[in-house]
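First the structure, in the form of structure tokens, and then the observations on it.
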Amino acid sequence: MATDPIVVAPDDLIEESLDVLHRKALTILKRIRDSAVDPETGQKKGPTFPISKAAALVGRTASAIREAERDGRLPERGRAANGHRIQYTLEELDHMREVFGTRPWREQTDVPAIISVCNFKGGVGKSTIALHLAQHFAIKGYRVLFIDCDSQASSTMMFGYRPDVDLGEDDTLYGHFHNPELLGLRKIIRKTHFHGLDLIPANLRLYNLEYEIAGYMARNQNMDIIDLIADAIDSVVEDYDIVIMDPPPALGMVSMAVLQAANSMVIPVPPSLVDFASTVSFIDMAKTTMKQLEQLAGRGRPAYNFIRLVGSRVDDSKSMHREILSMMRQVFGGSMASAVMVTSAEIDNASSRMKTVFELEKPVTSHEVYNRCMKHLNEVCQSIEVDVLRTWASKAGERI
């Protein structure tokens with residue numbers, strides 16, 4: 001007996017295909033995440049440092065550390081199976097700083113640096129700079145809060161999470177938006193594998209905030225909700241020296257809330273005419289939007305302690321990159337950082353392992369490529385650190 005063929009609607013085929021693709025993609029993400037975490041603890045490991053590097057970071061000599069270990073101010077150091085001294089964790093470095101009196105924390109009278117790393121064009125190295133900058137400050141001994149405000153959650157993933165599997169809507173700023181009194185920001189702050197670096201994660205649910213903030217403003221006929229992130233940060237900021245925010249690559253409602261919350265701005269700019277033009281548009285749109293908020297809602301315009309443009313994804317072997325960088329330095333003058341973030345296989349290889357370059361135990365490519373990449377990363381991060389220290393009266397004139 002003949003049967004009628006089963007007819008599947010095109011929409012069902014699309015939904016089924018997307019479901020299969022999604023499941024397969026999650027499987028790959030799980031494999032990458034599992035390879036990046038400690039199989040015993042299920043957590044990522046923070047970096048460790050030999051005594052020479054530890055001494056430089058703490059601001060003392062290796063001899064001073066050994067002497068402190070001998071006289072009991074610091075715990076005695078064991079040896080690894082290969083006979084070398086066991087390396088030092090970030091937590092141990094912070095204990096050393098406490099013993100030696102070299103902690104770099106700001107004084108209570110110094111205003112915490114709240115830095116937005118922003119550009120409304122994707123692919124400019126925004127999250128790469130934000131992550132390395134946050135880790136740099138943690139390695140140097142500062143208390144750091146990283147807030148992922150981007151629903152794509154690339155930065156959150158680099159902390160070892162599968163954002164839309166491991167995190168719910170109440171784990172992000174989205175949950176805080178709906179239940180600020182019930183949750184409180186402290187309840188969504190997470191410790192990370194980097195001692196001294198805390199995280200407010202993101203996931204795809206955060207995308208809904210774009211519409212919900214706009215809807216709230218329309219219903220209530222006021223723009224106070226744009227202070228959502230600023231008010232949240234105010235409730236915890238005294239626990240930190242530095243706050244790094246990674247907003248979406250678009251000038252939407254969440255990005256506006258980030259710009260309102262920040263007191264400093266870092267803008268990555270790749271040396272291409274398209275990216276330069278896009279950055280000029282971003283600056284103009286941000287300026288115009290801030291002015292409109294000021295005029296329409298009677299709000300004060302946010303005051304930035306510094307605005308720093310950073311050349312990103314730079315290939316200095318290309319003459320066009322060098323020419324455009326030179327042009328940007330002429331246009332932006334002292335607001336343009338002299339250090340640049342280079343394009344490097346080391347960054348790409350680290351990312352594919354769900355790590356930053358600062359987390360690599362050894363070079364993935366070659367020592368030459370790794371050292372060159374580290375040099376540029378450190379120069380960029382140190383230039384921003386200098387900008388921060390200039391805003392703290394207690395650190396005036398201090399060299400890093």
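The chains in the structure tokens are called A, B, ... from first to last as shown; in each chain the residues are counted from 1, and the ligands are counted from 1 in the order shown.
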
Hey, could you make a per-residue contact list for segment 136-212 of chain A against segment 95-104 of chain A with 8 Å as the cut-off, showing the nearest pair of atoms and its distance in Å to one decimal, counting only C-alpha atoms, sorted by chain and number, as a Markdown table?
| residue | atom | partner | partner_atom | distance |
| --- | --- | --- | --- | --- |
| A:Lys140 | CA | A:Pro104 | CA | 7.7 |
| A:Gly141 | CA | A:Pro104 | CA | 6.3 |
| A:Tyr142 | CA | A:Pro104 | CA | 6.1 |

Original post:
Which parts of segment 65-191 of chain A does DSSP call alpha helix (DSSP H) when run on the backbone here, written out as a PyMOL selection string?
Top reply: chain A and resi 65-70+90-100+126-139+154-158+163-166+173-178+180-183

For Glu210 of chain A, find every residue with an atom within 12 Å (counting only C-alpha atoms), except residues of its own chain fewer than 2 positions away, and show them as an mmCIF file with N, CA and C atoms, in the first residue's frame.
data_model
loop_
_atom_site.group_PDB
_atom_site.id
_atom_site.type_symbol
_atom_site.label_atom_id
_atom_site.label_comp_id
_atom_site.auth_asym_id
_atom_site.auth_seq_id
_atom_site.Cartn_x
_atom_site.Cartn_y
_atom_site.Cartn_z
ATOM 1 N N CYS A 149 30.694 42.885 29.139
ATOM 2 C CA CYS A 149 29.397 43.476 28.803
ATOM 3 C C CYS A 149 28.953 43.092 27.399
ATOM 4 N N ASP A 150 29.694 42.218 26.754
ATOM 5 C CA ASP A 150 29.433 41.836 25.368
ATOM 6 C C ASP A 150 28.722 40.489 25.349
ATOM 7 N N SER A 151 27.527 40.443 24.764
ATOM 8 C CA SER A 151 26.739 39.203 24.751
ATOM 9 C C SER A 151 27.426 38.079 23.984
ATOM 10 N N LEU A 173 25.158 40.701 34.116
ATOM 11 C CA LEU A 173 24.510 41.983 34.362
ATOM 12 C C LEU A 173 23.020 41.946 34.008
ATOM 13 N N TYR A 174 22.623 41.020 33.169
ATOM 14 C CA TYR A 174 21.203 40.892 32.835
ATOM 15 C C TYR A 174 20.399 40.566 34.081
ATOM 16 N N PHE A 177 20.187 43.580 36.317
ATOM 17 C CA PHE A 177 19.242 44.564 35.795
ATOM 18 C C PHE A 177 17.820 44.260 36.272
ATOM 19 N N LEU A 204 24.802 35.096 26.066
ATOM 20 C CA LEU A 204 23.957 35.625 24.992
ATOM 21 C C LEU A 204 22.719 36.350 25.522
ATOM 22 N N ARG A 205 22.285 35.969 26.718
ATOM 23 C CA ARG A 205 21.092 36.593 27.296
ATOM 24 C C ARG A 205 21.282 38.107 27.466
ATOM 25 N N LEU A 206 22.522 38.517 27.633
ATOM 26 C CA LEU A 206 22.824 39.935 27.836
ATOM 27 C C LEU A 206 22.384 40.781 26.640
ATOM 28 N N TYR A 207 22.253 40.140 25.481
ATOM 29 C CA TYR A 207 21.836 40.868 24.276
ATOM 30 C C TYR A 207 20.454 41.495 24.464
ATOM 31 N N ASN A 208 19.606 40.837 25.263
ATOM 32 C CA ASN A 208 18.256 41.352 25.480
ATOM 33 C C ASN A 208 18.248 42.696 26.196
ATOM 34 N N GLU A 212 15.629 45.948 26.290
ATOM 35 C CA GLU A 212 14.937 46.183 27.553
ATOM 36 C C GLU A 212 15.278 47.553 28.139
ATOM 37 N N ILE A 213 16.524 47.996 27.964
ATOM 38 C CA ILE A 213 16.877 49.340 28.423
ATOM 39 C C ILE A 213 16.107 50.383 27.623
ATOM 40 N N ALA A 214 16.043 50.181 26.303
ATOM 41 C CA ALA A 214 15.294 51.113 25.447
ATOM 42 C C ALA A 214 13.816 51.117 25.816
ATOM 43 N N GLY A 215 13.258 49.938 26.078
ATOM 44 C CA GLY A 215 11.854 49.847 26.465
ATOM 45 C C GLY A 215 11.586 50.517 27.804
ATOM 46 N N TYR A 216 12.508 50.342 28.733
ATOM 47 C CA TYR A 216 12.365 50.967 30.053
ATOM 48 C C TYR A 216 12.343 52.490 29.919
ATOM 49 N N MET A 217 13.252 53.021 29.095
ATOM 50 C CA MET A 217 13.305 54.476 28.926
ATOM 51 C C MET A 217 12.024 55.005 28.281
ATOM 52 N N ILE A 225 18.049 54.766 33.685
ATOM 53 C CA ILE A 225 18.478 53.375 33.535
ATOM 54 C C ILE A 225 19.844 53.279 32.859
ATOM 55 N N ILE A 226 20.232 54.334 32.154
ATOM 56 C CA ILE A 226 21.532 54.312 31.480
ATOM 57 C C ILE A 226 22.673 54.260 32.506
ATOM 58 N N PRO A 247 32.856 46.205 26.365
ATOM 59 C CA PRO A 247 31.494 46.388 25.862
ATOM 60 C C PRO A 247 31.304 45.757 24.485
ATOM 61 N N PRO A 248 30.053 45.712 23.994
ATOM 62 C CA PRO A 248 29.806 45.171 22.650
ATOM 63 C C PRO A 248 30.447 46.055 21.581
ATOM 64 N N ALA A 250 29.440 47.790 19.275
ATOM 65 C CA ALA A 250 28.358 48.585 18.674
ATOM 66 C C ALA A 250 27.993 49.672 19.659
ATOM 67 N N LEU A 251 27.553 50.802 19.158
ATOM 68 C CA LEU A 251 27.192 51.904 20.044
ATOM 69 C C LEU A 251 25.699 51.810 20.353
ATOM 70 N N GLY A 252 25.332 50.735 21.078
ATOM 71 C CA GLY A 252 23.955 50.544 21.493
ATOM 72 C C GLY A 252 23.751 50.969 22.925
ATOM 73 N N MET A 253 22.652 50.501 23.527
ATOM 74 C CA MET A 253 22.301 50.909 24.882
ATOM 75 C C MET A 253 23.316 50.431 25.913
ATOM 76 N N VAL A 254 23.779 49.189 25.772
ATOM 77 C CA VAL A 254 24.752 48.663 26.742
ATOM 78 C C VAL A 254 26.069 49.423 26.633
ATOM 79 N N SER A 255 26.503 49.675 25.409
ATOM 80 C CA SER A 255 27.738 50.442 25.222
ATOM 81 C C SER A 255 27.612 51.845 25.804
ATOM 82 N N MET A 256 26.426 52.447 25.650
ATOM 83 C CA MET A 256 26.215 53.775 26.224
ATOM 84 C C MET A 256 26.309 53.732 27.742
ATOM 85 N N ALA A 257 25.745 52.673 28.333
ATOM 86 C CA ALA A 257 25.825 52.525 29.786
ATOM 87 C C ALA A 257 27.270 52.343 30.238
#

**OP:** Write out as an NGL selection string which residues come within 12 Å of Cys381 of chain A when counting only C-alpha atoms, dropping same-chain ones fewer than 2 positions away.
**Re:** :A and (128-140 or 266 or 308 or 310 or 337-341 or 358 or 374-379 or 383-388 or 400)

Would you save the residues from that selection as a PDB file, in the first residue's frame, using C-alpha atoms?
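Final output, result.pdb:
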ATOM      1  CA  THR A 128      42.470  40.864  23.242  1.00  0.00           C
ATOM      2  CA  ILE A 129      43.616  44.199  24.655  1.00  0.00           C
ATOM      3  CA  ALA A 130      41.020  44.168  27.450  1.00  0.00           C
ATOM      4  CA  LEU A 131      42.009  40.674  28.631  1.00  0.00           C
ATOM      5  CA  HIS A 132      45.766  41.219  28.498  1.00  0.00           C
ATOM      6  CA  LEU A 133      45.369  44.589  30.191  1.00  0.00           C
ATOM      7  CA  ALA A 134      43.353  43.083  33.058  1.00  0.00           C
ATOM      8  CA  GLN A 135      45.846  40.258  33.510  1.00  0.00           C
ATOM      9  CA  HIS A 136      48.775  42.659  33.363  1.00  0.00           C
ATOM     10  CA  PHE A 137      47.345  44.667  36.257  1.00  0.00           C
ATOM     11  CA  ALA A 138      46.685  41.477  38.257  1.00  0.00           C
ATOM     12  CA  ILE A 139      50.248  40.242  37.650  1.00  0.00           C
ATOM     13  CA  LYS A 140      51.543  43.604  38.872  1.00  0.00           C
ATOM     14  CA  VAL A 266      41.077  52.805  25.572  1.00  0.00           C
ATOM     15  CA  ARG A 308      44.099  56.535  24.820  1.00  0.00           C
ATOM     16  CA  VAL A 310      46.142  52.117  20.671  1.00  0.00           C
ATOM     17  CA  ALA A 337      49.867  55.499  22.472  1.00  0.00           C
ATOM     18  CA  SER A 338      53.413  55.088  21.206  1.00  0.00           C
ATOM     19  CA  ALA A 339      53.236  51.336  21.872  1.00  0.00           C
ATOM     20  CA  VAL A 340      51.251  49.132  19.475  1.00  0.00           C
ATOM     21  CA  MET A 341      49.601  45.730  19.650  1.00  0.00           C
ATOM     22  CA  PHE A 358      50.368  35.827  29.528  1.00  0.00           C
ATOM     23  CA  MET A 374      55.426  39.730  24.826  1.00  0.00           C
ATOM     24  CA  LYS A 375      57.512  42.854  24.309  1.00  0.00           C
ATOM     25  CA  HIS A 376      54.699  44.633  22.475  1.00  0.00           C
ATOM     26  CA  LEU A 377      52.016  43.411  24.895  1.00  0.00           C
ATOM     27  CA  ASN A 378      54.010  44.618  27.893  1.00  0.00           C
ATOM     28  CA  GLU A 379      54.690  47.989  26.281  1.00  0.00           C
ATOM     29  CA  SER A 383      51.679  52.629  28.838  1.00  0.00           C
ATOM     30  CA  ILE A 384      48.090  52.296  30.119  1.00  0.00           C
ATOM     31  CA  GLU A 385      49.415  51.621  33.630  1.00  0.00           C
ATOM     32  CA  VAL A 386      51.349  54.901  33.444  1.00  0.00           C
ATOM     33  CA  ASP A 387      48.111  56.647  32.420  1.00  0.00           C
ATOM     34  CA  VAL A 388      46.359  55.188  35.466  1.00  0.00           C
ATOM     35  CA  ILE A 400      56.777  51.363  36.966  1.00  0.00           C
TER      36      ILE A 400
END

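Across A:Asp316, A:Asp94, A:Asp38, A:Glu76, the tightest approach to Ala55 of chain A is made by A:Asp94 when counting only C-alpha atoms.
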
**OP:** For segment 106-116 of chain A, list every protein, DNA or RNA residue within 8 Å, evaluated using only C-alpha atoms, and leave out those in the same chain fewer than 4 positions away; present the list as a PyMOL selection string.
**Re:** chain A and resi 237-238+240-247+258-259+261-266+388+391-395

Subject >> Backbone DSSP call of strand (DSSP E) for segment 29-208 of chain A, listed as number ranges by chain >> reply: A: 48-49, 88-89, 113-117, 144-148, 190-191, 197-200

**OP:** Go ahead and compute the interatomic distance for atom CA of Ala54 of chain A and atom CA of Leu93 of chain A, in Å to one decimal.
**Re:** 6.7 Å

Subject >> Nearby residues (only C-alpha atoms) at most 12 Å from Tyr161 of chain A, same-chain spacing under 3 positions excluded, as a ChimeraX atom specification >> reply: /A:26,29-34,36-37,42-44,153-158,164-168,171,190,192-193,199-203,354-355

I want to know what sits within 7 Å of segment 325-335 of chain A, based on only C-alpha atoms, with residues of the same chain fewer than 3 positions away left out; could you give that as a short mmCIF file (atom, residue, chain, number, x, y, z; two decimals) with N, CA and C atoms, in the first residue's frame?
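Contents of part-v6.cif, as written:
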data_model
loop_
_atom_site.label_atom_id
_atom_site.label_comp_id
_atom_site.auth_asym_id
_atom_site.auth_seq_id
_atom_site.Cartn_x
_atom_site.Cartn_y
_atom_site.Cartn_z
N PRO A 271 45.63 49.70 11.84
CA PRO A 271 46.11 50.69 10.86
C PRO A 271 45.62 50.40 9.45
N ILE A 307 41.89 59.39 27.63
CA ILE A 307 41.41 58.65 26.46
C ILE A 307 42.66 58.28 25.66
N ARG A 308 42.88 56.99 25.48
CA ARG A 308 44.10 56.54 24.82
C ARG A 308 43.74 55.67 23.62
N LEU A 309 44.19 56.06 22.43
CA LEU A 309 44.03 55.23 21.24
C LEU A 309 45.27 54.36 21.08
N HIS A 321 50.79 49.89 6.79
CA HIS A 321 50.51 49.97 8.22
C HIS A 321 51.37 51.07 8.86
N ARG A 322 52.62 51.13 8.47
CA ARG A 322 53.51 52.15 9.04
C ARG A 322 53.03 53.55 8.65
#

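In this structure, atom CA of Ile283 of chain A sits 8.6 Å away from atom CA of Asn119 of chain A.
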